[in-house]
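Data from start_31.txt: compact mmCIF, C-alpha atoms
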# COMPACT_ATOMS: atom_id res chain seq x y z
CA MET A 1 0.00 0.00 0.00
CA GLU A 2 1.13 3.52 -0.77
CA ILE A 3 0.25 6.60 1.28
CA LYS A 4 0.52 10.13 -0.07
CA GLU A 5 -1.02 13.57 0.29
CA ILE A 6 -4.03 14.42 -1.89
CA THR A 7 -3.83 17.90 -3.39
CA ASN A 8 -6.83 17.76 -5.73
CA LYS A 9 -10.14 18.87 -4.20
CA GLU A 10 -12.22 17.06 -6.83
CA VAL A 11 -10.49 13.72 -6.12
CA TRP A 12 -11.09 14.18 -2.38
CA GLU A 13 -14.75 15.20 -2.58
CA ASP A 14 -15.63 12.62 -5.25
CA PHE A 15 -14.18 9.85 -3.08
CA LEU A 16 -16.36 10.92 -0.12
CA LEU A 17 -19.49 10.64 -2.29
CA ASN A 18 -19.12 6.85 -1.86
CA PHE A 19 -20.03 7.00 1.83
CA LYS A 20 -23.33 7.19 3.65
CA GLU A 21 -21.84 7.78 7.10
CA LYS A 22 -19.91 11.05 6.88
CA THR A 23 -19.82 14.64 8.08
CA PHE A 24 -18.32 17.86 6.77
CA LEU A 25 -15.49 17.45 9.33
CA GLN A 26 -13.71 15.40 6.63
CA SER A 27 -14.65 17.74 3.78
CA TRP A 28 -12.07 19.66 1.75
CA GLU A 29 -13.50 22.91 3.16
CA TRP A 30 -12.96 21.82 6.76
CA GLY A 31 -9.29 21.49 5.95
CA GLU A 32 -9.28 25.00 4.48
CA PHE A 33 -11.14 26.26 7.56
CA ASN A 34 -8.49 24.79 9.86
CA LYS A 35 -5.73 26.40 7.84
CA LEU A 36 -7.47 29.75 8.36
CA LEU A 37 -7.37 29.11 12.11
CA GLY A 38 -3.63 28.55 11.84
CA ASN A 39 -3.74 24.76 12.22
CA LYS A 40 -1.43 22.54 10.19
CA ILE A 41 -3.27 19.86 8.19
CA TRP A 42 -2.57 16.78 6.08
CA ARG A 43 -4.94 15.20 3.57
CA LEU A 44 -3.70 11.63 3.30
CA GLY A 45 -4.82 9.05 0.78
CA ILE A 46 -4.00 5.33 0.86
CA PHE A 47 -3.66 3.63 -2.52
CA LEU A 48 -3.40 0.02 -3.66
CA ASP A 49 -2.32 -0.59 -7.27
CA GLY A 50 -3.13 3.05 -8.01
CA LYS A 51 -6.69 2.84 -6.63
CA LEU A 52 -7.68 5.17 -3.79
CA LEU A 53 -8.94 3.09 -0.84
CA SER A 54 -9.03 5.54 2.06
CA VAL A 55 -8.77 9.24 2.93
CA SER A 56 -8.06 11.00 6.22
CA LEU A 57 -7.99 14.68 7.09
CA ILE A 58 -5.47 15.10 9.91
CA ILE A 59 -5.33 18.29 11.97
CA LYS A 60 -2.48 19.29 14.28
CA VAL A 61 -4.03 20.63 17.48
CA LYS A 62 -1.86 22.71 19.81
CA ALA A 63 -3.57 23.08 23.18
CA ARG A 64 -2.23 24.18 26.55
CA ARG A 65 -2.49 20.61 27.81
CA GLY A 66 -0.46 19.25 24.90
CA THR A 67 -0.14 18.75 21.14
CA PHE A 68 -1.94 16.00 19.24
CA LEU A 69 -2.88 14.86 15.74
CA PHE A 70 -6.64 14.68 15.27
CA ILE A 71 -8.80 12.88 12.69
CA PRO A 72 -12.40 14.11 13.16
CA HIS A 73 -15.01 11.66 11.82
CA GLY A 74 -12.50 9.72 9.79
CA PRO A 75 -10.82 7.88 8.23
CA HIS A 76 -13.09 6.76 5.40
CA ILE A 77 -12.34 3.29 4.07
CA LEU A 78 -13.76 2.01 0.78
CA ASN A 79 -12.94 -1.68 1.27
CA PHE A 80 -13.53 -2.76 4.88
CA SER A 81 -11.95 -6.17 4.29
CA LEU A 82 -8.63 -4.28 4.09
CA LYS A 83 -9.38 -2.19 7.20
CA GLU A 84 -6.56 -3.60 9.33
CA GLU A 85 -3.88 -3.19 6.67
CA ILE A 86 -5.11 0.33 5.86
CA PHE A 87 -5.09 1.35 9.54
CA LYS A 88 -1.58 -0.01 10.10
CA THR A 89 -0.36 1.92 7.06
CA LEU A 90 -2.05 5.09 8.32
CA LEU A 91 -0.83 4.63 11.88
CA ASN A 92 2.78 4.20 10.77
CA GLU A 93 2.57 7.47 8.83
CA LEU A 94 0.92 9.28 11.76
CA LYS A 95 3.70 8.11 14.09
CA LYS A 96 6.27 9.67 11.72
CA ILE A 97 4.31 12.92 11.51
CA GLY A 98 3.76 12.90 15.28
CA LYS A 99 7.49 12.55 15.96
CA LYS A 100 8.32 15.39 13.58
CA GLU A 101 5.58 17.65 14.98
CA LYS A 102 6.34 16.74 18.63
CA ALA A 103 2.80 15.45 19.24
CA HIS A 104 1.99 13.66 22.48
CA PHE A 105 -0.76 11.47 21.05
CA ILE A 106 -3.03 10.71 18.09
CA ARG A 107 -6.80 11.17 18.51
CA ILE A 108 -9.34 9.59 16.13
CA ALA A 109 -13.12 10.09 16.24
CA PRO A 110 -14.23 7.50 13.65
CA LEU A 111 -17.74 7.01 12.28
CA PHE A 112 -17.55 3.26 12.83
CA GLU A 113 -20.55 1.43 14.29
CA ARG A 114 -20.37 1.05 18.07
CA ASN A 115 -19.94 -2.69 18.50
CA SER A 116 -17.51 -5.11 20.19
CA ASN A 117 -15.68 -5.92 16.93
CA ASN A 118 -14.78 -2.29 16.26
CA ILE A 119 -13.93 -1.63 19.93
CA ASN A 120 -11.56 -4.62 19.98
CA PHE A 121 -10.11 -3.62 16.62
CA PHE A 122 -8.81 -0.33 18.04
CA LYS A 123 -7.76 -1.95 21.31
CA ASN A 124 -5.64 -4.52 19.45
CA LEU A 125 -3.90 -1.70 17.56
CA GLY A 126 -2.88 -0.06 20.86
CA PHE A 127 -5.56 2.64 21.08
CA LYS A 128 -7.20 3.70 24.35
CA LYS A 129 -10.69 5.14 24.84
CA SER A 130 -10.34 8.91 25.01
CA PRO A 131 -11.56 10.81 28.08
CA MET A 132 -12.94 13.53 25.76
CA HIS A 133 -15.00 13.58 22.56
CA ALA A 134 -12.86 16.38 21.05
CA SER A 135 -15.60 18.55 19.49
CA ALA A 136 -16.69 15.74 17.17
CA TYR A 137 -19.83 13.93 18.29
CA GLU A 138 -19.81 10.21 19.10
CA SER A 139 -23.55 9.82 18.54
CA THR A 140 -26.15 11.91 16.75
CA TRP A 141 -29.83 12.20 15.89
CA LYS A 142 -30.76 12.07 12.19
CA LEU A 143 -33.94 12.67 10.26
CA ASP A 144 -34.84 11.33 6.82
CA ILE A 145 -36.17 14.44 5.06
CA SER A 146 -36.83 12.77 1.71
CA LEU A 147 -40.47 12.42 2.85
CA ASP A 148 -42.99 15.11 1.95
CA GLU A 149 -43.80 17.85 4.46
CA GLU A 150 -47.09 16.32 5.63
CA ASP A 151 -45.43 12.99 6.40
CA LEU A 152 -42.63 14.78 8.26
CA LEU A 153 -45.23 16.53 10.40
CA LYS A 154 -47.11 13.26 11.02
CA ASN A 155 -43.91 11.58 12.25
CA MET A 156 -43.22 14.30 14.83
CA ARG A 157 -44.00 13.99 18.52
CA LYS A 158 -47.54 15.31 19.10
CA THR A 159 -46.34 18.29 21.16
CA THR A 160 -43.64 19.16 18.61
CA ARG A 161 -46.11 19.05 15.72
CA TYR A 162 -48.52 21.29 17.67
CA LEU A 163 -45.79 23.85 18.45
CA VAL A 164 -44.56 23.91 14.84
CA ARG A 165 -48.09 24.63 13.66
CA GLN A 166 -48.63 27.26 16.37
CA SER A 167 -45.39 28.97 15.39
CA LEU A 168 -46.57 29.18 11.77
CA LYS A 169 -49.69 31.03 12.93
CA ASN A 170 -47.74 33.46 15.13
CA SER A 171 -47.20 36.68 13.15
CA ASP A 172 -44.67 37.90 15.74
CA ILE A 173 -42.26 35.13 14.69
CA GLU A 174 -40.16 35.61 11.57
CA ILE A 175 -37.25 33.53 10.27
CA LYS A 176 -34.63 35.20 8.10
CA LYS A 177 -32.00 33.42 6.00
CA SER A 178 -28.71 35.25 5.63
CA GLU A 179 -25.57 34.94 3.53
CA ASN A 180 -24.15 38.15 5.02
CA VAL A 181 -20.97 37.55 7.02
CA LYS A 182 -21.74 40.64 9.12
CA ASP A 183 -24.75 38.81 10.56
CA VAL A 184 -22.36 36.44 12.32
CA GLU A 185 -21.92 39.25 14.88
CA ILE A 186 -25.66 39.13 15.64
CA PHE A 187 -25.56 35.35 15.95
CA GLN A 188 -22.45 35.45 18.16
CA LYS A 189 -24.09 37.88 20.57
CA ILE A 190 -27.02 35.53 21.27
CA ALA A 191 -24.69 32.50 21.27
CA GLU A 192 -22.64 34.07 24.07
CA GLU A 193 -25.80 34.82 26.09
CA THR A 194 -26.98 31.25 25.57
CA ALA A 195 -23.60 29.88 26.69
CA LYS A 196 -23.61 32.08 29.78
CA SER A 197 -27.05 30.87 30.89
CA GLN A 198 -26.28 27.20 30.15
CA LYS A 199 -22.73 27.36 31.55
CA PHE A 200 -20.64 26.24 28.58
CA VAL A 201 -17.84 27.83 26.55
CA PRO A 202 -19.05 28.96 23.09
CA PHE A 203 -17.00 28.88 19.90
CA SER A 204 -15.14 32.12 19.32
CA PHE A 205 -16.35 34.77 16.87
CA GLU A 206 -13.34 34.02 14.65
CA PHE A 207 -14.22 30.30 14.61
CA VAL A 208 -17.87 30.84 13.60
CA LYS A 209 -17.06 33.60 11.08
CA ASN A 210 -14.37 31.53 9.35
CA GLU A 211 -16.58 28.44 9.22
CA PHE A 212 -19.41 30.46 7.67
CA GLU A 213 -17.15 32.16 5.12
CA ILE A 214 -15.41 28.97 3.99
CA PHE A 215 -18.60 27.01 3.33
CA LEU A 216 -20.46 30.04 1.97
CA LYS A 217 -17.98 30.21 -0.93
CA ASN A 218 -19.51 26.99 -2.31
CA ASN A 219 -23.09 27.87 -1.33
CA GLU A 220 -22.87 25.27 1.46
CA ALA A 221 -23.81 27.44 4.45
CA LEU A 222 -26.71 29.58 5.64
CA LEU A 223 -27.30 31.58 8.78
CA PHE A 224 -30.87 31.34 10.10
CA LEU A 225 -31.99 34.14 12.42
CA GLY A 226 -35.27 33.86 14.28
CA GLU A 227 -36.96 37.13 15.28
CA TYR A 228 -39.71 37.63 17.84
CA LYS A 229 -41.36 41.05 17.62
CA LYS A 230 -38.37 42.21 15.53
CA GLU A 231 -35.79 41.14 18.14
CA VAL A 232 -33.36 38.37 17.17
CA ALA A 233 -34.11 35.63 19.66
CA ALA A 234 -32.63 32.49 18.06
CA GLY A 235 -30.13 31.50 15.40
CA ALA A 236 -28.47 28.58 13.69
CA LEU A 237 -25.52 28.09 11.36
CA VAL A 238 -26.35 25.20 9.03
CA ILE A 239 -23.92 23.44 6.68
CA PHE A 240 -25.26 21.76 3.51
CA TRP A 241 -22.74 19.24 2.22
CA GLN A 242 -23.12 16.21 -0.05
CA ASN A 243 -26.93 16.04 0.31
CA ILE A 244 -26.81 16.24 4.12
CA ALA A 245 -27.80 19.27 6.22
CA PHE A 246 -25.90 19.74 9.48
CA TYR A 247 -27.32 21.75 12.38
CA HIS A 248 -23.85 22.71 13.61
CA GLN A 249 -24.17 25.96 15.59
CA ALA A 250 -27.28 27.11 17.45
CA ALA A 251 -28.43 29.65 20.02
CA LEU A 252 -31.67 30.68 21.76
CA LEU A 253 -32.04 33.54 24.23
CA PRO A 254 -33.26 32.09 27.56
CA LYS A 255 -36.13 34.56 27.92
CA TYR A 256 -37.76 33.14 24.75
CA HIS A 257 -37.86 29.48 25.79
CA LYS A 258 -41.65 29.57 26.12
CA ILE A 259 -42.10 31.07 22.64
CA PRO A 260 -42.10 28.33 19.93
CA ILE A 261 -39.49 30.16 17.85
CA ALA A 262 -37.00 27.25 18.06
CA TYR A 263 -39.63 24.95 16.51
CA ARG A 264 -40.25 27.36 13.64
CA LEU A 265 -36.51 27.71 13.12
CA GLN A 266 -36.10 23.94 12.75
CA TRP A 267 -39.02 23.69 10.36
CA GLU A 268 -37.57 26.41 8.12
CA ILE A 269 -34.16 24.68 8.16
CA ILE A 270 -35.75 21.37 7.16
CA LYS A 271 -37.66 23.02 4.30
CA GLU A 272 -34.51 24.75 3.05
CA ALA A 273 -32.56 21.49 3.24
CA LYS A 274 -35.24 19.73 1.17
CA LYS A 275 -35.14 22.55 -1.38
CA ARG A 276 -31.38 22.01 -1.72
CA GLY A 277 -31.83 18.31 -2.39
CA CYS A 278 -30.69 17.05 1.01
CA LYS A 279 -31.92 13.60 2.02
CA ILE A 280 -30.74 13.61 5.65
CA TYR A 281 -30.85 16.24 8.37
CA ASP A 282 -28.14 15.71 11.00
CA PHE A 283 -29.12 17.38 14.28
CA TRP A 284 -25.47 17.18 15.41
CA GLY A 285 -25.09 15.42 18.72
CA TYR A 286 -27.17 13.06 20.84
CA ILE A 287 -27.25 11.79 24.40
CA ASP A 288 -29.96 9.46 25.69
CA PRO A 289 -32.10 11.81 27.83
CA GLU A 290 -33.60 8.90 29.80
CA LYS A 291 -30.28 7.30 30.71
CA ASN A 292 -28.50 10.64 31.25
CA PRO A 293 -31.16 13.15 32.43
CA LYS A 294 -28.59 15.45 34.09
CA HIS A 295 -26.27 15.64 31.06
CA PRO A 296 -26.07 19.17 29.54
CA TRP A 297 -27.21 17.71 26.17
CA ALA A 298 -30.25 15.89 27.60
CA GLY A 299 -32.69 18.78 27.11
CA PRO A 300 -31.50 19.72 23.60
CA THR A 301 -31.59 16.03 22.58
CA PHE A 302 -35.17 15.62 23.80
CA PHE A 303 -36.08 18.68 21.70
CA LYS A 304 -34.40 17.21 18.59
CA MET A 305 -36.07 13.82 19.03
CA GLY A 306 -39.48 15.48 18.89
CA PHE A 307 -39.07 16.02 15.13
CA GLY A 308 -38.87 12.28 14.49
CA GLY A 309 -35.84 10.43 13.22
CA PHE A 310 -33.33 7.93 14.53
CA LYS A 311 -30.15 7.77 16.58
CA LYS A 312 -26.72 6.77 15.27
CA GLU A 313 -24.08 5.72 17.76
CA TYR A 314 -20.44 5.40 16.77
CA ILE A 315 -17.40 4.01 18.52
CA LYS A 316 -16.02 6.27 21.26
CA THR A 317 -13.14 8.61 20.41
CA GLN A 318 -9.81 6.74 20.45
CA ASP A 319 -6.34 7.88 21.52
CA PHE A 320 -2.96 6.45 20.59
CA PRO A 321 -0.22 7.60 23.04
CA LEU A 322 3.04 8.84 21.54
CA SER A 323 4.74 9.95 24.78
CA LEU A 324 4.49 9.49 28.54
CA ARG A 325 3.02 12.99 28.86
CA TYR A 326 -0.18 11.61 27.33
CA TYR A 327 -1.06 9.96 30.64
CA LEU A 328 -0.92 13.31 32.48
CA ILE A 329 -3.13 14.79 29.73
CA PHE A 330 -5.53 11.87 30.14
CA VAL A 331 -5.96 12.59 33.87
CA PHE A 332 -6.42 16.32 33.23
CA GLU A 333 -9.10 15.74 30.55
CA PHE A 334 -10.86 13.10 32.64
CA LEU A 335 -11.16 15.47 35.62
CA ARG A 336 -12.33 18.31 33.37
CA LYS A 337 -15.02 16.05 31.88
CA ILE A 338 -16.34 15.27 35.38
CA LYS A 339 -16.33 18.97 36.30
CA ARG A 340 -18.43 19.79 33.20
CA GLY A 341 -20.91 17.03 33.97
CA LEU A 342 -20.32 15.33 30.61
Representation of the structure as structure tokens:
Amino acid sequence: MEIKEITNKEVWEDFLLNFKEKTFLQSWEWGEFNKLLGNKIWRLGIFLDGKLLSVSLIIKVKARRGTFLFIPHGPHILNFSLKEEIFKTLLNELKKIGKKEKAHFIRIAPLFERNSNNINFFKNLGFKKSPMHASAYESTWKLDISLDEEDLLKNMRKTTRYLVRQSLKNSDIEIKKSENVKDVEIFQKIAEETAKSQKFVPFSFEFVKNEFEIFLKNNEALLFLGEYKKEVAAGALVIFWQNIAFYHQAALLPKYHKIPIAYRLQWEIIKEAKKRGCKIYDFWGYIDPEKNPKHPWAGPTFFKMGFGGFKKEYIKTQDFPLSLRYYLIFVFEFLRKIKRGL
């Protein structure tokens, strides 16, 4: 097997069309976005007899706790019967890159089904279950939006369907779709208020602005702003990539929780996604609200589930240690996870 960097966007994106399980975190644009943030990236392809079998976007992450190489929602492997050989080839290359870049570990958040075979596969290669999910979800809630609007409404939870219909009758609620980068400032303001009330750290303005700009260039992003009596009360940054819509960034001012503006916002996103030819709506992140009622994502997940759909659970994020310092980082991240209630 031969491993080399892929420099052609068309080759990269065309290869990813072969996969059902994927997110924009392995897209060509996500690599460009990371370069804008100042992160070093590699787009590696593994070939056998000249045929491309696998791709991986690798990002060098420099954090205060340590440096690591990160593969978010990858790699993608065309022939799973060659999975072990492909992974060994990739791992050998990552070890070389890690040594050169002085990385303490490798972190992979793969979209592989959560089962004992896949868990043992990583364990046998020397990986350890990560204490953190590294900003790439390990499970999500998805909705098949290829159905017509009436069927989508019928499949919703009764309360959700009622609130969607009530929001459509409420003349004080208006949803605006924006391609104006300046509107990121409006979104960021309500995102910071949301984060303050729910006690989490929001993405920075630079992060959200760069993400929006990069995907907007290919008509793959829209900013949805929900107004109540002319005041912006809710917002969402949605990515449309390879016939999937991703609900990636969202915010809702706490004082408007009893107004069904969030339900109207979702309905408008779903309709826009259908108009763009998307078949799946990825609500981005899931935690079982019955098993984990105190988890910070429990409430938002319950809200998402009301629209109908299904859960997808993937193998937990995996770490491959490259130095002894990794074990100190592991303890630090584990304690931080407990403190955040995750």
Range 69-118 of chain A near range 135-159 of chain A within 9 Å: what's each residue's closest atom pair and its distance in Å to one decimal, counting all atoms listed in the file, ordered by chain then ascending residue number, as JSON lines?
{"residue": "A:Pro72", "atom": "CA", "partner": "A:Ala136", "partner_atom": "CA", "distance": 6.1}
{"residue": "A:His73", "atom": "CA", "partner": "A:Ala136", "partner_atom": "CA", "distance": 6.9}
{"residue": "A:Ala109", "atom": "CA", "partner": "A:Ala136", "partner_atom": "CA", "distance": 6.7}
{"residue": "A:Pro110", "atom": "CA", "partner": "A:Glu138", "partner_atom": "CA", "distance": 8.3}
{"residue": "A:Leu111", "atom": "CA", "partner": "A:Glu138", "partner_atom": "CA", "distance": 7.8}
With range 49-65 of chain A as the partner and 12 Å as the cut-off, tabulate the residues of range 94-132 of chain A that qualify, each row holding the nearest pair of atoms and their distance in Å to one decimal, using all atoms listed in the file, sorted by chain and rising number, as JSON lines.
{"residue": "A:Leu94", "atom": "CA", "partner": "A:Ile58", "partner_atom": "CA", "distance": 8.8}
{"residue": "A:Ile97", "atom": "CA", "partner": "A:Lys60", "partner_atom": "CA", "distance": 9.7}
{"residue": "A:Gly98", "atom": "CA", "partner": "A:Lys60", "partner_atom": "CA", "distance": 9.0}
{"residue": "A:Lys100", "atom": "CA", "partner": "A:Lys60", "partner_atom": "CA", "distance": 11.5}
{"residue": "A:Glu101", "atom": "CA", "partner": "A:Lys60", "partner_atom": "CA", "distance": 8.3}
{"residue": "A:Lys102", "atom": "CA", "partner": "A:Lys60", "partner_atom": "CA", "distance": 10.2}
{"residue": "A:Ala103", "atom": "CA", "partner": "A:Lys60", "partner_atom": "CA", "distance": 8.2}
{"residue": "A:His104", "atom": "CA", "partner": "A:Arg65", "partner_atom": "CA", "distance": 9.8}
{"residue": "A:Phe105", "atom": "CA", "partner": "A:Val61", "partner_atom": "CA", "distance": 10.4}
{"residue": "A:Ile106", "atom": "CA", "partner": "A:Lys60", "partner_atom": "CA", "distance": 9.4}
{"residue": "A:Arg107", "atom": "CA", "partner": "A:Ile58", "partner_atom": "CA", "distance": 9.5}
{"residue": "A:Ile108", "atom": "CA", "partner": "A:Ile58", "partner_atom": "CA", "distance": 9.2}
{"residue": "A:Ala109", "atom": "CA", "partner": "A:Ile58", "partner_atom": "CA", "distance": 11.1}
{"residue": "A:Pro110", "atom": "CA", "partner": "A:Ser56", "partner_atom": "CA", "distance": 10.3}
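Closest to Thr160 in chain A among A:Lys312, A:Arg264, A:Lys275, A:Lys291 is A:Arg264, based on all atoms listed in the file.
Counting from CA of Phe246 in chain A, the distance to CA of Lys279 in chain A is 11.4 Å.
Between Arg161 in chain A and the residues A:Trp284, A:Ile270, A:Asn118, A:Phe307, the shortest atom-to-atom distance, using only C-alpha atoms, involves A:Phe307.
The two atoms in question, CA of Val331 in chain A and CA of Lys199 in chain A, are spaced 22.5 Å apart.
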Extract, using all atoms listed in the file, all DNA, RNA and protein residues at most 10 Å from Asn180 in chain A, discarding same-chain residues fewer than 6 positions from it, and format them as a ChimeraX atom specification. /A:212-213,216,222-223
Convert the current residue selection to file output with C-alpha atoms, as a compact mmCIF listing (two decimals), in the coordinates of the input.
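Just written: selection.txt:
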# COMPACT_ATOMS: atom_id res chain seq x y z
CA PHE A 212 -19.41 30.46 7.67
CA GLU A 213 -17.15 32.16 5.12
CA LEU A 216 -20.46 30.04 1.97
CA LEU A 222 -26.71 29.58 5.64
CA LEU A 223 -27.30 31.58 8.78
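Relative to CA of Arg276 in chain A, CA of Thr194 in chain A is found at 29.1 Å.
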Scan for residues within 12 Å of the point (-19.5, 15.6, -1.6) in the coordinates of the file, using all atoms listed in the file, and reply as a ChimeraX atom specification. /A:9-29,218,220,240-245,278
Within 8 Å of Ile269 in chain A using only C-alpha atoms, minus same-chain residues under 3 positions, as a count of residues only: 6
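Closest approach to Glu2 in chain A among A:Val184, A:Ile190, A:Ile46, A:Leu36: A:Ile46, based on all atoms listed in the file.
For the set A:Phe283, A:Tyr263, A:Phe310, A:Phe320, the residue with the smallest atom-to-atom gap to His248 in chain A is A:Phe283, counting all atoms listed in the file.
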Among A:Met132, A:Lys4, A:Met305, A:Ile77, Ile329 in chain A is approached most closely, using all atoms listed in the file, by A:Met132
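Among the candidates A:Lys196, A:Ser116, A:Phe122, A:Leu69, the one nearest to Lys83 in chain A when counting all atoms listed in the file is A:Phe122.
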Given the point (-32.9, 19.4, 22.9) in the file's coordinates, find the residues that have an atom at most 12 Å from it, counting only C-alpha atoms, and give them as a PyMOL selection string. chain A and resi 140-141+160+250-252+257+262-263+266+283-289+293+295-307
Return range 111-130 of chain A, completed with N, CA and C atoms, as a PDB file, in the frame of the given file.
ATOM      1  N   LEU A 111     -16.310   7.293  12.441  1.00  0.00           N
ATOM      2  CA  LEU A 111     -17.740   7.010  12.280  1.00  0.00           C
ATOM      3  C   LEU A 111     -17.933   5.523  12.010  1.00  0.00           C
ATOM      4  N   PHE A 112     -17.402   4.712  12.909  1.00  0.00           N
ATOM      5  CA  PHE A 112     -17.550   3.260  12.830  1.00  0.00           C
ATOM      6  C   PHE A 112     -18.641   2.850  13.821  1.00  0.00           C
ATOM      7  N   GLU A 113     -19.461   1.894  13.427  1.00  0.00           N
ATOM      8  CA  GLU A 113     -20.550   1.430  14.290  1.00  0.00           C
ATOM      9  C   GLU A 113     -20.019   1.018  15.668  1.00  0.00           C
ATOM     10  N   ARG A 114     -20.779   1.397  16.706  1.00  0.00           N
ATOM     11  CA  ARG A 114     -20.370   1.050  18.070  1.00  0.00           C
ATOM     12  C   ARG A 114     -20.725  -0.405  18.355  1.00  0.00           C
ATOM     13  N   ASN A 115     -19.747  -1.268  18.190  1.00  0.00           N
ATOM     14  CA  ASN A 115     -19.940  -2.690  18.500  1.00  0.00           C
ATOM     15  C   ASN A 115     -18.629  -3.281  19.013  1.00  0.00           C
ATOM     16  N   SER A 116     -18.688  -4.494  19.560  1.00  0.00           N
ATOM     17  CA  SER A 116     -17.510  -5.110  20.190  1.00  0.00           C
ATOM     18  C   SER A 116     -16.380  -5.347  19.191  1.00  0.00           C
ATOM     19  N   ASN A 117     -16.721  -5.678  17.944  1.00  0.00           N
ATOM     20  CA  ASN A 117     -15.680  -5.920  16.930  1.00  0.00           C
ATOM     21  C   ASN A 117     -14.837  -4.676  16.691  1.00  0.00           C
ATOM     22  N   ASN A 118     -15.516  -3.528  16.516  1.00  0.00           N
ATOM     23  CA  ASN A 118     -14.780  -2.290  16.260  1.00  0.00           C
ATOM     24  C   ASN A 118     -14.030  -1.808  17.499  1.00  0.00           C
ATOM     25  N   ILE A 119     -14.620  -2.020  18.688  1.00  0.00           N
ATOM     26  CA  ILE A 119     -13.930  -1.630  19.930  1.00  0.00           C
ATOM     27  C   ILE A 119     -12.655  -2.450  20.094  1.00  0.00           C
ATOM     28  N   ASN A 120     -12.737  -3.746  19.852  1.00  0.00           N
ATOM     29  CA  ASN A 120     -11.560  -4.620  19.980  1.00  0.00           C
ATOM     30  C   ASN A 120     -10.535  -4.346  18.899  1.00  0.00           C
ATOM     31  N   PHE A 121     -11.017  -3.942  17.722  1.00  0.00           N
ATOM     32  CA  PHE A 121     -10.110  -3.620  16.620  1.00  0.00           C
ATOM     33  C   PHE A 121      -9.142  -2.509  17.039  1.00  0.00           C
ATOM     34  N   PHE A 122      -9.661  -1.439  17.611  1.00  0.00           N
ATOM     35  CA  PHE A 122      -8.810  -0.330  18.040  1.00  0.00           C
ATOM     36  C   PHE A 122      -7.936  -0.728  19.232  1.00  0.00           C
ATOM     37  N   LYS A 123      -8.509  -1.501  20.140  1.00  0.00           N
ATOM     38  CA  LYS A 123      -7.760  -1.950  21.310  1.00  0.00           C
ATOM     39  C   LYS A 123      -6.550  -2.770  20.898  1.00  0.00           C
ATOM     40  N   ASN A 124      -6.723  -3.656  19.919  1.00  0.00           N
ATOM     41  CA  ASN A 124      -5.640  -4.520  19.450  1.00  0.00           C
ATOM     42  C   ASN A 124      -4.539  -3.730  18.732  1.00  0.00           C
ATOM     43  N   LEU A 125      -4.899  -2.553  18.217  1.00  0.00           N
ATOM     44  CA  LEU A 125      -3.900  -1.700  17.560  1.00  0.00           C
ATOM     45  C   LEU A 125      -3.145  -0.824  18.557  1.00  0.00           C
ATOM     46  N   GLY A 126      -3.558  -0.858  19.825  1.00  0.00           N
ATOM     47  CA  GLY A 126      -2.880  -0.060  20.860  1.00  0.00           C
ATOM     48  C   GLY A 126      -3.563   1.233  21.214  1.00  0.00           C
ATOM     49  N   PHE A 127      -4.809   1.421  20.748  1.00  0.00           N
ATOM     50  CA  PHE A 127      -5.560   2.640  21.080  1.00  0.00           C
ATOM     51  C   PHE A 127      -6.212   2.493  22.459  1.00  0.00           C
ATOM     52  N   LYS A 128      -6.492   3.640  23.075  1.00  0.00           N
ATOM     53  CA  LYS A 128      -7.200   3.700  24.350  1.00  0.00           C
ATOM     54  C   LYS A 128      -8.414   4.601  24.195  1.00  0.00           C
ATOM     55  N   LYS A 129      -9.495   4.290  24.901  1.00  0.00           N
ATOM     56  CA  LYS A 129     -10.690   5.140  24.840  1.00  0.00           C
ATOM     57  C   LYS A 129     -10.355   6.513  25.395  1.00  0.00           C
ATOM     58  N   SER A 130     -10.660   7.536  24.616  1.00  0.00           N
ATOM     59  CA  SER A 130     -10.340   8.910  25.010  1.00  0.00           C
ATOM     60  C   SER A 130     -11.239   9.392  26.140  1.00  0.00           C
TER      61      SER A 130
END
